[in-house]
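Text of the file data.cif, holding mmCIF, C-alpha atoms:
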data_work
#
loop_
_atom_site.label_atom_id
_atom_site.label_comp_id
_atom_site.auth_asym_id
_atom_site.auth_seq_id
_atom_site.Cartn_x
_atom_site.Cartn_y
_atom_site.Cartn_z
CA MET A 1 -25.98 -21.23 44.70
CA ALA A 2 -23.06 -19.80 46.65
CA VAL A 3 -20.80 -17.36 44.87
CA ARG A 4 -17.18 -18.34 45.16
CA GLN A 5 -15.08 -15.43 46.40
CA ARG A 6 -11.65 -14.89 44.90
CA THR A 7 -8.99 -14.84 47.59
CA ARG A 8 -5.84 -12.77 47.33
CA ASN A 9 -2.67 -14.80 47.64
CA PRO A 10 -0.02 -12.59 49.27
CA ILE A 11 2.79 -14.70 47.85
CA SER A 12 1.56 -14.40 44.25
CA ARG A 13 0.98 -10.68 44.74
CA LEU A 14 4.56 -10.28 46.00
CA PHE A 15 5.81 -12.25 43.02
CA ARG A 16 3.99 -9.95 40.58
CA VAL A 17 5.49 -6.85 42.26
CA LEU A 18 8.98 -8.32 42.12
CA TRP A 19 8.52 -9.34 38.49
CA ARG A 20 7.54 -5.79 37.50
CA LYS A 21 10.56 -4.39 39.36
CA ALA A 22 12.81 -6.91 37.62
CA ARG A 23 11.51 -5.80 34.21
CA THR A 24 12.27 -2.18 35.09
CA LEU A 25 15.75 -3.09 36.30
CA LYS A 26 16.40 -5.07 33.11
CA ARG A 27 15.59 -2.01 31.01
CA LEU A 28 18.11 0.03 33.02
CA VAL A 29 20.89 -2.56 32.92
CA PHE A 30 20.25 -3.69 29.33
CA PRO A 31 19.26 -0.59 27.36
CA PRO A 32 17.16 -0.80 24.15
CA THR A 33 18.91 -2.18 21.09
CA TYR A 34 17.76 0.53 18.70
CA ASP A 35 20.42 3.07 17.75
CA PRO A 36 20.81 5.71 20.51
CA PHE A 37 21.14 8.51 17.92
CA THR A 38 18.00 7.38 16.10
CA ALA A 39 16.11 6.91 19.35
CA GLU A 40 17.13 10.39 20.47
CA SER A 41 15.90 11.87 17.20
CA ALA A 42 12.52 10.26 17.80
CA ALA A 43 12.04 12.54 20.80
CA GLY A 44 11.17 15.41 18.45
CA ALA A 45 9.20 13.38 15.92
CA GLN A 46 5.49 14.02 15.64
CA VAL A 47 4.59 11.03 13.42
CA ALA A 48 5.65 7.37 13.46
CA TYR A 49 5.10 5.01 10.55
CA PHE A 50 4.82 1.50 11.99
CA PHE A 51 6.05 -1.35 9.79
CA ALA A 52 6.56 -4.68 11.55
CA ASP A 53 6.84 -6.98 8.54
CA SER A 54 9.68 -8.91 6.91
CA PRO A 55 11.77 -7.75 3.91
CA SER A 56 9.45 -9.56 1.48
CA ARG A 57 6.85 -6.84 2.14
CA ILE A 58 9.18 -3.83 2.08
CA TYR A 59 7.54 -2.71 -1.17
CA GLN A 60 4.53 -1.72 0.94
CA ILE A 61 6.42 0.86 2.99
CA ALA A 62 8.78 1.71 0.11
CA GLN A 63 5.88 3.26 -1.81
CA TRP A 64 5.47 5.75 1.03
CA LEU A 65 9.14 6.69 1.46
CA PRO A 66 9.04 9.65 -1.00
CA VAL A 67 6.03 11.02 0.89
CA ILE A 68 7.59 10.49 4.32
CA GLU A 69 10.78 12.20 3.15
CA LYS A 70 8.71 15.26 2.15
CA SER A 71 7.00 15.53 5.55
CA PRO A 72 6.67 19.16 6.69
CA GLU A 73 8.58 20.23 9.79
CA ASN A 74 5.49 20.19 11.99
CA LEU A 75 4.89 16.54 11.01
CA SER A 76 8.47 15.27 11.29
CA ALA A 77 8.49 11.48 10.95
CA VAL A 78 10.30 8.29 11.92
CA ILE A 79 9.75 4.67 10.92
CA ILE A 80 9.42 1.97 13.59
CA THR A 81 10.38 -1.58 12.59
CA ARG A 82 10.34 -4.94 14.38
CA SER A 83 12.55 -6.95 12.00
CA ALA A 84 16.33 -6.49 11.97
CA ALA A 85 16.53 -7.57 8.32
CA THR A 86 13.83 -5.08 7.33
CA THR A 87 15.63 -2.34 9.26
CA GLU A 88 18.85 -3.02 7.41
CA GLU A 89 17.16 -2.96 4.00
CA LEU A 90 15.16 0.20 4.71
CA ARG A 91 18.25 2.08 5.78
CA LYS A 92 19.60 1.50 2.28
CA LEU A 93 16.51 3.14 0.79
CA THR A 94 15.99 6.27 2.88
CA ASN A 95 17.53 8.76 5.29
CA VAL A 96 14.35 8.89 7.36
CA PRO A 97 15.24 7.86 10.96
CA ILE A 98 14.42 4.18 11.49
CA ILE A 99 13.99 2.74 14.98
CA HIS A 100 14.28 -1.01 15.39
CA ALA A 101 12.28 -2.08 18.45
CA GLN A 102 13.52 -5.64 18.74
CA THR A 103 11.15 -6.80 21.48
CA PHE A 104 7.62 -5.92 22.49
CA ASP A 105 8.90 -4.45 25.77
CA LEU A 106 11.25 -2.16 23.84
CA LEU A 107 8.40 -1.12 21.58
CA MET A 108 6.25 -0.18 24.56
CA SER A 109 9.19 1.68 26.15
CA LEU A 110 9.73 3.63 22.95
CA LEU A 111 6.09 4.69 22.81
CA GLU A 112 6.13 5.75 26.45
CA LEU A 113 9.26 7.85 25.92
CA SER A 114 8.10 9.40 22.65
CA LYS A 115 5.80 12.29 21.95
CA PHE A 116 4.23 10.79 18.84
CA LYS A 117 0.98 12.50 17.94
CA ALA A 118 0.13 10.13 15.08
CA ILE A 119 0.99 6.53 14.23
CA ILE A 120 0.45 5.55 10.60
CA TYR A 121 0.04 2.05 9.16
CA VAL A 122 0.68 1.11 5.52
CA ASN A 123 -0.78 -2.41 5.45
CA ASN A 124 -3.21 -4.79 7.17
CA SER A 125 -0.59 -6.73 9.14
CA TYR A 126 -1.87 -8.30 12.35
CA GLN A 127 1.22 -6.87 14.05
CA ASN A 128 -0.25 -3.38 13.68
CA PHE A 129 -2.27 -4.12 16.78
CA GLN A 130 0.90 -4.05 18.89
CA THR A 131 0.90 -0.25 18.95
CA LEU A 132 -2.82 0.43 19.07
CA SER A 133 -2.73 0.32 22.87
CA TYR A 134 -0.87 3.65 22.80
CA GLN A 135 -3.65 6.14 23.48
CA GLN A 136 -1.75 9.42 23.24
CA ALA A 137 -1.57 9.32 19.42
CA VAL A 138 -4.18 9.20 16.68
CA HIS A 139 -3.95 5.93 14.71
CA ILE A 140 -4.29 6.29 10.93
CA HIS A 141 -4.44 3.51 8.35
CA VAL A 142 -3.33 4.50 4.83
CA ASN A 143 -2.63 1.13 3.14
CA HIS A 144 0.13 0.81 0.53
CA GLY A 145 -1.80 1.51 -2.65
CA GLU A 146 -5.23 1.77 -4.22
CA SER A 147 -6.71 -1.24 -5.94
CA ASP A 148 -9.92 -3.23 -6.17
CA LYS A 149 -8.36 -6.34 -4.62
CA ILE A 150 -10.38 -7.84 -1.79
CA SER A 151 -7.31 -7.47 0.44
CA MET A 152 -7.69 -3.68 0.28
CA VAL A 153 -10.57 -3.77 2.77
CA SER A 154 -10.52 -5.43 6.15
CA ASN A 155 -12.58 -5.55 9.30
CA GLN A 156 -9.37 -4.37 10.98
CA ALA A 157 -10.18 -0.88 9.71
CA LYS A 158 -12.56 -0.48 12.64
CA ALA A 159 -9.60 -0.47 15.01
CA TYR A 160 -8.07 2.73 13.62
CA ASP A 161 -9.19 6.27 14.39
CA ARG A 162 -8.97 7.29 10.73
CA VAL A 163 -8.70 5.39 7.45
CA PHE A 164 -7.29 7.46 4.60
CA VAL A 165 -8.59 6.39 1.17
CA ALA A 166 -8.04 7.55 -2.40
CA GLY A 167 -11.61 8.60 -3.22
CA PRO A 168 -15.30 7.68 -3.50
CA ALA A 169 -14.59 4.25 -5.02
CA ALA A 170 -12.57 3.21 -1.96
CA LYS A 171 -15.29 4.46 0.37
CA ASP A 172 -17.90 2.43 -1.51
CA ARG A 173 -15.56 -0.59 -1.38
CA TYR A 174 -15.49 -0.41 2.42
CA LEU A 175 -19.22 0.15 2.75
CA ARG A 176 -19.97 -2.88 0.55
CA ALA A 177 -17.53 -5.21 2.31
CA VAL A 178 -17.33 -4.24 6.00
CA ALA A 179 -20.46 -4.32 8.13
CA TRP A 180 -20.86 -1.48 10.64
CA ILE A 181 -17.89 0.46 9.32
CA ASP A 182 -18.08 4.10 10.41
CA GLN A 183 -18.00 6.01 7.14
CA ASN A 184 -17.08 9.20 9.01
CA LYS A 185 -13.60 7.79 9.63
CA LEU A 186 -13.02 7.25 5.87
CA ILE A 187 -11.08 10.33 4.71
CA THR A 188 -10.37 11.08 1.03
CA VAL A 189 -6.76 12.08 0.30
CA GLY A 190 -6.15 10.99 -3.31
CA ARG A 191 -2.81 9.29 -4.09
CA PRO A 192 0.00 11.27 -2.44
CA GLN A 193 2.66 8.73 -3.52
CA LEU A 194 2.05 9.61 -7.15
CA ASP A 195 2.52 13.36 -7.28
CA LEU A 196 6.09 13.83 -6.14
CA GLY A 197 7.65 14.43 -9.52
CA GLN A 198 9.05 11.04 -10.52
CA THR A 199 11.17 11.04 -13.67
CA PRO A 200 9.31 9.40 -16.58
CA PHE A 201 10.76 6.25 -18.08
CA PRO A 202 12.66 7.27 -21.25
CA VAL A 203 10.34 7.26 -24.25
CA HIS A 204 11.37 6.08 -27.68
CA PRO A 205 11.16 8.87 -30.28
CA LYS A 206 9.62 6.62 -32.93
CA LEU A 207 7.91 3.82 -31.00
CA LYS A 208 4.80 3.51 -28.82
CA THR A 209 5.32 1.72 -25.49
CA ILE A 210 3.15 -1.23 -24.44
CA THR A 211 3.78 -2.17 -20.81
CA TYR A 212 2.80 -5.52 -19.30
CA ALA A 213 2.71 -5.15 -15.49
CA PRO A 214 1.08 -8.24 -13.98
CA THR A 215 0.37 -8.65 -10.28
CA TRP A 216 1.30 -11.78 -8.31
CA GLU A 217 -0.98 -14.71 -7.47
CA GLY A 218 -1.90 -13.62 -3.93
CA GLU A 219 -2.02 -15.50 -0.66
CA ASP A 220 -4.99 -17.63 -1.71
CA GLU A 221 -7.39 -18.07 -4.63
CA ALA A 222 -9.74 -15.34 -3.41
CA ASN A 223 -6.83 -12.89 -3.65
CA ASN A 224 -5.50 -14.26 -6.95
CA TYR A 225 -5.77 -11.64 -9.70
CA THR A 226 -2.72 -12.46 -11.79
CA SER A 227 -2.92 -12.93 -15.54
CA MET A 228 0.49 -14.58 -15.75
CA ASP A 229 -0.48 -18.24 -15.59
CA LEU A 230 -3.53 -17.98 -17.89
CA TYR A 231 -2.69 -15.25 -20.39
CA GLY A 232 0.91 -14.08 -19.83
CA LYS A 233 2.54 -15.81 -22.80
CA LYS A 234 -0.19 -14.79 -25.24
CA ILE A 235 -0.16 -11.20 -23.97
CA ILE A 236 3.55 -10.87 -24.69
CA ASP A 237 3.22 -12.49 -28.11
CA ALA A 238 0.42 -10.06 -29.00
CA ALA A 239 2.39 -7.03 -27.78
CA LEU A 240 5.46 -8.08 -29.75
CA SER A 241 3.37 -8.48 -32.92
CA GLN A 242 2.48 -4.76 -33.01
CA SER A 243 4.34 -2.60 -35.49
CA ASN A 244 6.08 0.61 -34.38
CA CYS A 245 5.91 -0.47 -30.74
CA ARG A 246 8.23 -1.64 -28.02
CA THR A 247 7.24 -3.90 -25.11
CA VAL A 248 8.19 -3.36 -21.47
CA TYR A 249 7.77 -6.07 -18.81
CA LYS A 250 7.44 -4.82 -15.20
CA PRO A 251 6.15 -7.62 -12.95
CA HIS A 252 5.08 -7.37 -9.32
CA PRO A 253 8.16 -7.99 -7.09
CA ARG A 254 6.63 -11.18 -5.65
CA ILE A 255 6.36 -12.79 -9.08
CA LEU A 256 10.13 -13.18 -8.91
CA SER A 257 9.78 -15.53 -5.92
CA SER A 258 6.57 -17.26 -7.03
CA LYS A 259 6.11 -20.96 -6.27
CA ASP A 260 3.32 -21.38 -8.85
CA PRO A 261 4.81 -23.45 -11.70
CA GLU A 262 2.61 -21.80 -14.35
CA VAL A 263 3.59 -18.31 -13.20
CA VAL A 264 7.26 -19.31 -13.14
CA ALA A 265 7.00 -20.79 -16.64
CA ALA A 266 5.31 -17.67 -18.02
CA HIS A 267 7.93 -15.43 -16.41
CA LYS A 268 10.77 -17.43 -17.99
CA TYR A 269 8.99 -17.35 -21.37
CA ILE A 270 8.59 -13.57 -21.23
CA ILE A 271 12.22 -13.04 -20.26
CA SER A 272 13.35 -15.13 -23.24
CA LYS A 273 11.05 -13.31 -25.69
CA LEU A 274 12.05 -9.80 -24.59
CA SER A 275 15.80 -10.32 -24.63
CA LYS A 276 16.25 -8.27 -27.80
CA ALA A 277 16.27 -4.45 -28.05
CA PRO A 278 14.32 -2.17 -28.01
CA ASN A 279 12.13 -4.19 -25.63
CA GLN A 280 12.95 -3.98 -21.93
CA ILE A 281 12.71 -6.15 -18.83
CA LEU A 282 12.45 -4.18 -15.58
CA LEU A 283 12.57 -6.42 -12.52
CA GLU A 284 13.50 -3.58 -10.17
CA GLY A 285 12.91 0.15 -9.95
CA ASP A 286 9.92 2.43 -9.59
CA VAL A 287 6.86 1.25 -11.50
CA ILE A 288 5.54 4.84 -11.47
CA GLU A 289 8.35 5.95 -13.76
CA VAL A 290 7.43 3.16 -16.16
CA LEU A 291 3.75 4.13 -16.15
CA LEU A 292 4.55 7.73 -16.99
CA GLY A 293 6.28 6.54 -20.18
CA THR A 294 3.59 4.03 -21.17
CA ASP A 295 1.05 4.42 -24.00
CA ILE A 296 -0.92 1.20 -23.40
CA LEU A 297 -0.94 -0.63 -20.06
CA ILE A 298 -1.79 -4.34 -19.85
CA SER A 299 -2.34 -5.33 -16.24
CA ASP A 300 -4.63 -6.91 -13.67
CA ILE A 301 -6.81 -5.81 -10.79
CA SER A 302 -4.05 -4.11 -8.83
CA SER A 303 -2.77 -0.76 -7.64
CA VAL A 304 -0.66 -0.48 -10.81
CA THR A 305 -3.77 -0.23 -12.99
CA LEU A 306 -5.32 2.52 -10.88
CA ASP A 307 -2.00 4.35 -10.53
CA TYR A 308 -1.86 4.51 -14.32
CA LEU A 309 -5.46 5.76 -14.45
CA TYR A 310 -4.54 8.55 -12.00
CA LEU A 311 -1.29 9.54 -13.68
CA LYS A 312 -2.30 9.10 -17.33
CA PRO A 313 -6.08 8.99 -17.73
CA GLU A 314 -5.45 9.51 -21.45
CA GLY A 315 -3.54 6.19 -21.61
CA ALA A 316 -5.39 3.05 -22.77
CA ILE A 317 -5.86 0.13 -20.34
CA PHE A 318 -6.18 -3.59 -21.02
CA LEU A 319 -7.48 -5.34 -17.88
CA SER A 320 -7.33 -9.10 -17.25
CA ASP A 321 -10.18 -11.15 -15.83
CA ARG A 322 -8.98 -14.61 -14.84
CA ARG A 323 -12.52 -15.69 -13.88
CA THR A 324 -14.17 -14.67 -17.19
CA ASP A 325 -17.13 -13.11 -15.40
CA LEU A 326 -17.68 -9.62 -16.80
CA ALA A 327 -20.62 -8.74 -14.56
CA SER A 328 -18.67 -9.58 -11.41
CA LEU A 329 -15.57 -7.86 -12.75
CA GLU A 330 -17.37 -4.57 -13.39
CA SER A 331 -19.04 -4.77 -9.98
CA GLU A 332 -15.75 -5.50 -8.22
CA SER A 333 -13.57 -3.19 -10.29
CA PRO A 334 -15.33 -0.16 -11.86
CA VAL A 335 -12.27 0.63 -13.98
CA ALA A 336 -13.28 -2.37 -16.10
CA ALA A 337 -15.94 -0.20 -17.75
CA ALA A 338 -13.15 1.96 -19.17
CA ALA A 339 -10.80 -0.84 -20.20
CA THR A 340 -10.48 -3.53 -22.85
CA ILE A 341 -11.04 -6.84 -21.08
CA ILE A 342 -8.76 -9.87 -21.45
CA ASP A 343 -10.43 -13.15 -20.50
CA ARG A 344 -10.81 -16.68 -21.85
CA ASN A 345 -13.27 -15.46 -24.49
CA SER A 346 -11.14 -12.58 -25.77
CA ILE A 347 -7.53 -13.65 -25.32
CA ALA A 348 -7.36 -15.04 -28.87
CA LYS A 349 -8.25 -11.57 -30.22
CA ILE A 350 -5.86 -9.52 -28.11
CA SER A 351 -3.45 -8.78 -30.96
CA THR A 352 -6.28 -7.34 -33.05
CA GLN A 353 -7.60 -5.34 -30.08
CA LEU A 354 -4.17 -3.83 -29.46
CA GLU A 355 -3.90 -2.84 -33.11
CA LYS A 356 -7.33 -1.17 -33.06
CA THR A 357 -6.58 0.71 -29.84
CA LEU A 358 -3.29 2.00 -31.22
CA GLU A 359 -5.20 3.41 -34.18
CA LYS A 360 -8.15 4.82 -32.19
CA ASP A 361 -8.90 4.90 -28.47
CA ASP A 362 -12.66 4.74 -27.96
CA LEU A 363 -12.62 4.67 -24.14
CA ALA A 364 -10.83 7.93 -23.33
CA THR A 365 -13.99 9.79 -22.26
CA LYS A 366 -15.12 6.92 -20.05
CA ARG A 367 -11.70 6.72 -18.37
CA ALA A 368 -11.87 10.41 -17.40
CA GLU A 369 -15.23 9.75 -15.73
CA VAL A 370 -13.97 6.66 -13.91
CA CYS A 371 -10.82 8.52 -12.80
CA ARG A 372 -12.97 11.10 -10.99
CA TYR A 373 -14.82 8.28 -9.22
CA TYR A 374 -11.61 6.68 -7.99
CA PHE A 375 -9.74 9.80 -6.93
CA GLY A 376 -12.44 12.29 -6.03
CA GLY A 377 -11.29 14.90 -8.51
CA ILE A 378 -7.99 15.42 -6.64
CA ALA A 379 -5.53 16.04 -9.45
CA ALA A 380 -1.99 14.72 -9.66
CA GLY A 381 0.16 17.13 -7.65
CA GLU A 382 -2.53 17.96 -5.06
CA SER A 383 -2.81 14.71 -3.12
CA SER A 384 0.25 15.15 -0.89
CA LYS A 385 -1.02 18.57 0.25
CA THR A 386 -4.38 17.02 1.11
CA TYR A 387 -2.67 14.11 2.87
CA PHE A 388 -0.54 16.20 5.21
CA ALA A 389 -3.43 18.56 5.92
CA GLU A 390 -5.64 15.63 6.94
CA ILE A 391 -2.93 14.19 9.22
CA LEU A 392 -2.65 17.54 11.00
CA LYS A 393 -6.43 17.85 11.24
CA SER A 394 -6.69 14.33 12.71
CA ILE A 395 -3.99 15.13 15.29
CA ASN A 396 -5.75 18.30 16.36
CA GLU A 397 -9.16 16.63 16.62
CA HIS A 398 -7.65 13.76 18.60
CA GLU A 399 -5.98 16.13 21.07
CA VAL A 400 -9.27 17.93 21.62
CA ALA A 401 -10.98 14.59 22.31
CA VAL A 402 -8.24 13.44 24.70
CA ASN A 403 -8.35 16.73 26.62
CA GLU A 404 -12.12 16.46 26.93
CA LEU A 405 -11.80 12.94 28.34
CA THR A 406 -9.21 14.17 30.84
CA ARG A 407 -11.50 16.96 32.03
CA THR A 408 -14.38 14.50 32.34
CA ARG A 409 -12.33 12.08 34.45
CA ARG A 410 -11.18 14.87 36.76
CA SER A 411 -14.75 16.05 37.30
CA ILE A 412 -15.99 12.63 38.37
#

Could you show the structure in this file as structure tokens?
Amino acid sequence: MAVRQRTRNPISRLFRVLWRKARTLKRLVFPPTYDPFTAESAAGAQVAYFFADSPSRIYQIAQWLPVIEKSPENLSAVIITRSAATTEELRKLTNVPIIHAQTFDLLMSLLELSKFKAIIYVNNSYQNFQTLSYQQAVHIHVNHGESDKISMVSNQAKAYDRVFVAGPAAKDRYLRAVAWIDQNKLITVGRPQLDLGQTPFPVHPKLKTITYAPTWEGEDEANNYTSMDLYGKKIIDAALSQSNCRTVYKPHPRILSSKDPEVVAAHKYIISKLSKAPNQILLEGDVIEVLLGTDILISDISSVTLDYLYLKPEGAIFLSDRRTDLASLESESPVAAAATIIDRNSIAKISTQLEKTLEKDDLATKRAEVCRYYFGGIAAGESSKTYFAEILKSINEHEVAVNELTRTRRSI
């Protein structure tokens, strides 16, 4: 069978050359739309945090802002955005330089002009792949929290040079869920967002604080871990029935825009029940500050639960299980072994369980053990040091690898 030879069309070739020249001319005549001052400041930045999502997901990058703002001089940072609305909102939250690359061409131009040595990603957005073609930087995925949700692990992790995780539990999570993942790229850094000295939520001198901090219902049923629709009303009633206690409600930001009628109904019910002092409704603000002032946390499989475990391992945890499958829950979320479980079988007894826990906490020793498993023994206050050290180490190792490749190409 004859092999058909591809012929070169001189007209199409000429068209491609002219098209490339036109693109270059367009960049000269119509300069990038990101702020010139901000773009100029990027010339000296070593690290870029890439966040291409809409304002509804700003909470993912917002958790990292205190860390980014503390970046050492040799790891000076900027944030690259793709959404104008997100850019506007982020500029209200931080003084970190933010570069809005409106188009893909502008994004590529920015990368070519920059000297970024690391690009860092705080979520699993498909848009992260827009910058992975830039080979001069090491690409690091850090995610926006630490939880046992299935969304915390993704096959996308294979695309990054390094994946920073909180501790051994996160490593095991990847190894169980992602085939052929290179465990050498999984680097333990603890929880740097949690050790930057947040101010604790004001405590009451005479009352214990019970905080209900439910997560939202997720993108689909597999990612649905919320307790709101099934247990939310009863949880609040039980918390309010405790003597010498106050109740704080701190829902996930996306609960406020939920389309699930049961979640919406539970939210309205809770708001109405907590309208009287000394109880508090906190729809905005830093959840970390709330956790620091909490004695008992009632929550779901989410980063909030593990943040509380890291910050206050002495604090009791009540963990919801919407599927009422204890074996699967403990396999999926090891913190369950150190928590009081709320499911269909136990929800009727939650008031009694809260009362018993307030009198005597029987799971404190187990929580300390589980905390070490999740965070690798990195104590609060040490994670940010580990984080920046690992970024610098990754940059140095990447530069060595790139230089070796360059020498190899020249010798061929």

Report summary line: If you count only C-alpha atoms, the residue of A:Leu319, A:Ile140, A:Ala337, A:Ile68 closest to Thr94 (chain A) turns out to be A:Ile68

Written as a short mmCIF file (atom, residue, chain, number, x, y, z; two decimals) with C-alpha atoms, in the coordinates of the input, what is the full residue list that the PyMOL selection byres ((chain A and resi 343) around 7) yields on the file shown?
data_model
loop_
_atom_site.label_atom_id
_atom_site.label_comp_id
_atom_site.auth_asym_id
_atom_site.auth_seq_id
_atom_site.Cartn_x
_atom_site.Cartn_y
_atom_site.Cartn_z
CA SER A 320 -7.33 -9.10 -17.25
CA ASP A 321 -10.18 -11.15 -15.83
CA ARG A 322 -8.98 -14.61 -14.84
CA THR A 324 -14.17 -14.67 -17.19
CA ILE A 341 -11.04 -6.84 -21.08
CA ILE A 342 -8.76 -9.87 -21.45
CA ARG A 344 -10.81 -16.68 -21.85
CA ASN A 345 -13.27 -15.46 -24.49
CA SER A 346 -11.14 -12.58 -25.77
CA ILE A 347 -7.53 -13.65 -25.32
#

Write out as a JSON list (two decimals) with C-alpha atoms, in the frame of the given file each polymer residue whose atoms come within 9 Å of Ala336 (chain A), counting all atoms listed in the file; drop sequence neighbours fewer than 5 positions from it.
[["chain", "number", "residue", "atom", "x", "y", "z"],
["A", 317, "ILE", "CA", -5.86, 0.13, -20.34],
["A", 318, "PHE", "CA", -6.18, -3.59, -21.02],
["A", 319, "LEU", "CA", -7.48, -5.34, -17.88],
["A", 326, "LEU", "CA", -17.68, -9.62, -16.80],
["A", 329, "LEU", "CA", -15.57, -7.86, -12.75],
["A", 330, "GLU", "CA", -17.37, -4.57, -13.39],
["A", 331, "SER", "CA", -19.04, -4.77, -9.98],
["A", 341, "ILE", "CA", -11.04, -6.84, -21.08]]

Report task. Give as a PyMOL selection string the residues that the PyMOL selection byres ((chain A and resi 253-262) around 9) matches when applied to the coordinates above. Result -> chain A and resi 56-57+59+214-217+228-230+250-252+263-267+283-284

Query raised in the report: Written as number ranges by chain, which residues does the PyMOL selection byres ((chain A and resi 170-185) around 8) give for the file shown?
Result: A: 146, 148, 153-155, 157-158, 161-163, 165-169, 186-187, 374

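Shown here are all protein and nucleic acid residues lying within 10 Å of (6.3, 6.0, -32.6), with all atoms listed in the file considered: Val203, His204, Pro205, Lys206, Leu207, Lys208, Thr209, Ser243, Asn244, Cys245 and Arg246 of chain A.
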
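Relative to CA of His398 (chain A), CA of Glu382 (chain A) is found at 24.6 Å.
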
Requested in this report: Could you give me, as a VMD selection string, the residues within 6 Å of Tyr49 (chain A), counting only C-alpha atoms and dropping anything in the same chain fewer than 3 positions from it?
Outcome: chain A and resid 79 119 to 120

Requested in this report: Fewer than 2 positions away in the same chain doesn't count, so skip those; otherwise give me all residues within 10 Å of Ala277 (chain A), counting only C-alpha atoms, as a PyMOL selection string.
Outcome: chain A and resi 246-247+274-275+279-280

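Compared by their closest atoms to Ala137 (chain A), and using only C-alpha atoms, the residues A:Ala222, A:Ala118, A:Met152, A:Ile391 rank with A:Ala118 nearest.
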
Query raised in the report: Taking all atoms listed in the file into account, which of A:Phe375, A:Gln60, A:Lys273, A:Asn223 comes nearest Lys149 (chain A)?
Result: A:Asn223

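Atom pair CA of Leu113 (chain A) / CA of Glu397 (chain A) has a distance of 22.4 Å (rounded to one decimal).
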
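CA of Ala238 (chain A) is found 6.4 Å from CA of Ile350 (chain A).
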
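The smallest atom-to-atom distance between Val335 (chain A) and any of A:Glu112, A:Glu355, A:Asp300, A:Asp220, using all atoms listed in the file, is found for A:Asp300.
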
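Among A:Ala401, A:Ala339, A:Tyr269, A:Lys234, the residue with the shortest atom-to-atom distance to Ser351 (chain A), counting only C-alpha atoms, is A:Lys234.
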
Query - Protein, DNA and RNA residues within 12 Å of (6.5, 6.9, -18.4), only C-alpha atoms, as a ChimeraX atom specification - result: /A:197-204,208-211,248,286-297,307-308,311-312,315

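Nearest residue to Ala42 (chain A), choosing from A:Tyr225, A:Phe164, A:Tyr121, A:Phe116 and counting all atoms listed in the file: A:Phe116.
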
Query - Residue neighbourhood region 406-409 of chain A, 12 Å, only C-alpha atoms, exclusion window fewer than 6 positions, as a PyMOL selection string - result: chain A and resi 136+399-400
